[in-house]
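Data block below; observations after.
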Amino acid sequence: MEYQQIFPAVFLERPNRFTAVCSLDGAQVLAHVKNTGRCRELLTPDARVFLQHNSAPGRKTRYTLTHVQKGERLVHIDSQAPNRLVEEALRNGSLSLPGLGKPQIIRPETFYGDSRFDFYLEGPGTRGFAEIKGVTLEEDGWARFPDAPTERGVKHLEHLARAAGEGYLCYVIFVIQMGGIRLFSPNWQTHPAFGQALVSAQNAGVRLMAFQTNVTPLWVELAGPVPIDLEKGRNEPC
């Protein structure tokens, strides 16, 4: 996945969840933030960021904030990118799902009951659903999700568990939007209900996968798998 017209800038403030004020070549500009998570550990005053220029008609801002530098790590915060990365990897065969392999049919945004999953998939004699979660919260190589409570995420996990019980192959794929990651786990302190729903989904047959990414200001690609520890942090104080 490639980006064009990327410019380095400095983050100043985030007046609301959709907008960031940044300094670009000494001038203040507004940038669209394509991530509704809190990102509090990333979007700190004077953080180095990267903005993509886009002057398409109808836009409220000419820039989109795509990356944040956090220490030695460059973190990609475009929340729409994880789905694109997974779809590209499924279509080109670089990502194989257990029990399904390379799917013959990939249909984005498909309803099951009153939940809409990111992908409906079909392989030889199999069918299933996949839900993709972008991860930007990290500490010392330990990635966690979510960074804010997500009742919608809990609902998706419950419905995936139900679909698995009805014979569908079901997957939750966590795309960690940075490299250098050694472990992934649910964020028990921020949303215990999501952690419990993830454990219950796995027990119901939902398959959990996590991948880190290779990130530069100009391109992002899905990289190697990351171990998942569902219990890490569960009993730590909030």
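Identifiers for the structure tokens are assigned positionally: chains receive A, B, ... in sequence, residues are indexed from 1 per chain, and ligands are indexed from 1 in the order shown.
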
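Residues lying within 12 Å of Arg162 of chain A, counting only C-alpha atoms and ignoring same-chain neighbours fewer than 2 positions away, are Tyr112, Gly113, Ser115, Gly128, Phe129, Lys155, His156, Leu157, Glu158, His159, Leu160, Ala164, Gly165, Glu166, Gly167, Tyr168, Leu169, Cys170, Ala197, Ser200, Ala201, Gln202, Asn203, Ala204, Gly205 and Val206 of chain A.
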
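Shell of Tyr120 of chain A at 9 Å, with only C-alpha atoms counted and residues fewer than 2 places along the chain excluded, is A:Ile105, A:Ile106, A:Arg107, A:Pro108, A:Glu109, A:Thr110, A:Phe111, A:Phe117, A:Asp118, A:Glu122, A:Arg127, A:Gly128, A:Phe129, A:Ala130.
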
**Item:** DSSP-assigned strand (DSSP E or B) members of segment 61-121 of chain A, reported as number ranges by chain
**Value:** A: 63-70, 73-76, 97, 101, 105-112, 115-121

Can you write out the residues you just picked, keeping C-alpha atoms, as an mmCIF file, in the first residue's frame?
```
data_model
loop_
_atom_site.group_PDB
_atom_site.id
_atom_site.type_symbol
_atom_site.label_atom_id
_atom_site.label_comp_id
_atom_site.auth_asym_id
_atom_site.auth_seq_id
_atom_site.Cartn_x
_atom_site.Cartn_y
_atom_site.Cartn_z
ATOM 1 C CA TYR A 63 -4.201 17.130 4.605
ATOM 2 C CA THR A 64 -4.618 13.746 6.261
ATOM 3 C CA LEU A 65 -2.469 12.660 9.196
ATOM 4 C CA THR A 66 -1.145 9.210 8.262
ATOM 5 C CA HIS A 67 1.900 8.454 10.475
ATOM 6 C CA VAL A 68 3.304 9.380 13.890
ATOM 7 C CA GLN A 69 6.885 8.959 15.051
ATOM 8 C CA LYS A 70 7.013 7.360 18.510
ATOM 9 C CA ARG A 73 9.013 3.434 15.793
ATOM 10 C CA LEU A 74 7.019 4.909 12.963
ATOM 11 C CA VAL A 75 3.356 4.186 13.658
ATOM 12 C CA HIS A 76 0.770 4.137 10.895
ATOM 13 C CA LEU A 97 -6.023 -18.473 6.646
ATOM 14 C CA GLY A 101 -6.190 -21.222 2.487
ATOM 15 C CA ILE A 105 -14.427 -15.346 -3.001
ATOM 16 C CA ILE A 106 -13.624 -12.242 -0.926
ATOM 17 C CA ARG A 107 -16.612 -10.013 -0.282
ATOM 18 C CA PRO A 108 -16.068 -6.914 1.887
ATOM 19 C CA GLU A 109 -18.647 -5.506 4.301
ATOM 20 C CA THR A 110 -21.050 -8.431 4.549
ATOM 21 C CA PHE A 111 -23.938 -8.739 6.988
ATOM 22 C CA TYR A 112 -24.508 -11.695 9.267
ATOM 23 C CA SER A 115 -23.580 -7.465 12.445
ATOM 24 C CA ARG A 116 -21.581 -6.358 9.440
ATOM 25 C CA PHE A 117 -18.252 -8.147 9.225
ATOM 26 C CA ASP A 118 -15.269 -6.840 7.315
ATOM 27 C CA PHE A 119 -15.067 -9.837 4.965
ATOM 28 C CA TYR A 120 -17.104 -12.823 3.837
ATOM 29 C CA LEU A 121 -14.832 -15.556 2.473
#
```

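Considering the residues A:Gly179, A:Gly195, A:Gly58, A:Gly134 and counting only C-alpha atoms, Lys232 of chain A has its shortest atom-to-atom contact with A:Gly195.
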
**Request:** Per DSSP on the backbone, filter chain A down to the residues in helix (DSSP H, G or I) and report them as a VMD selection string.
**Result:** chain A and resid 81 to 92 151 to 165 192 to 203

**Request:** Using only C-alpha atoms, find the one residue out of A:Ile181, A:Val220, A:Ala81, A:Ile173 that sits nearest to Glu138 of chain A.
**Result:**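 Closest to Glu138 of chain A, using only C-alpha atoms: A:Ile181.
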
**Message:** When you count only C-alpha atoms, which of these residues is closest to Leu230 of chain A: A:Ile176, A:Ala148, A:Leu137, A:Ala143?
**Reply:** A:Ala143

**Request:** Give me, please, the distance in Å between atom CA of Glu139 of chain A and atom CA of Gly180 of chain A, quoted to one decimal.
**Result:**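 Interatomic distance here is 10.8 Å.
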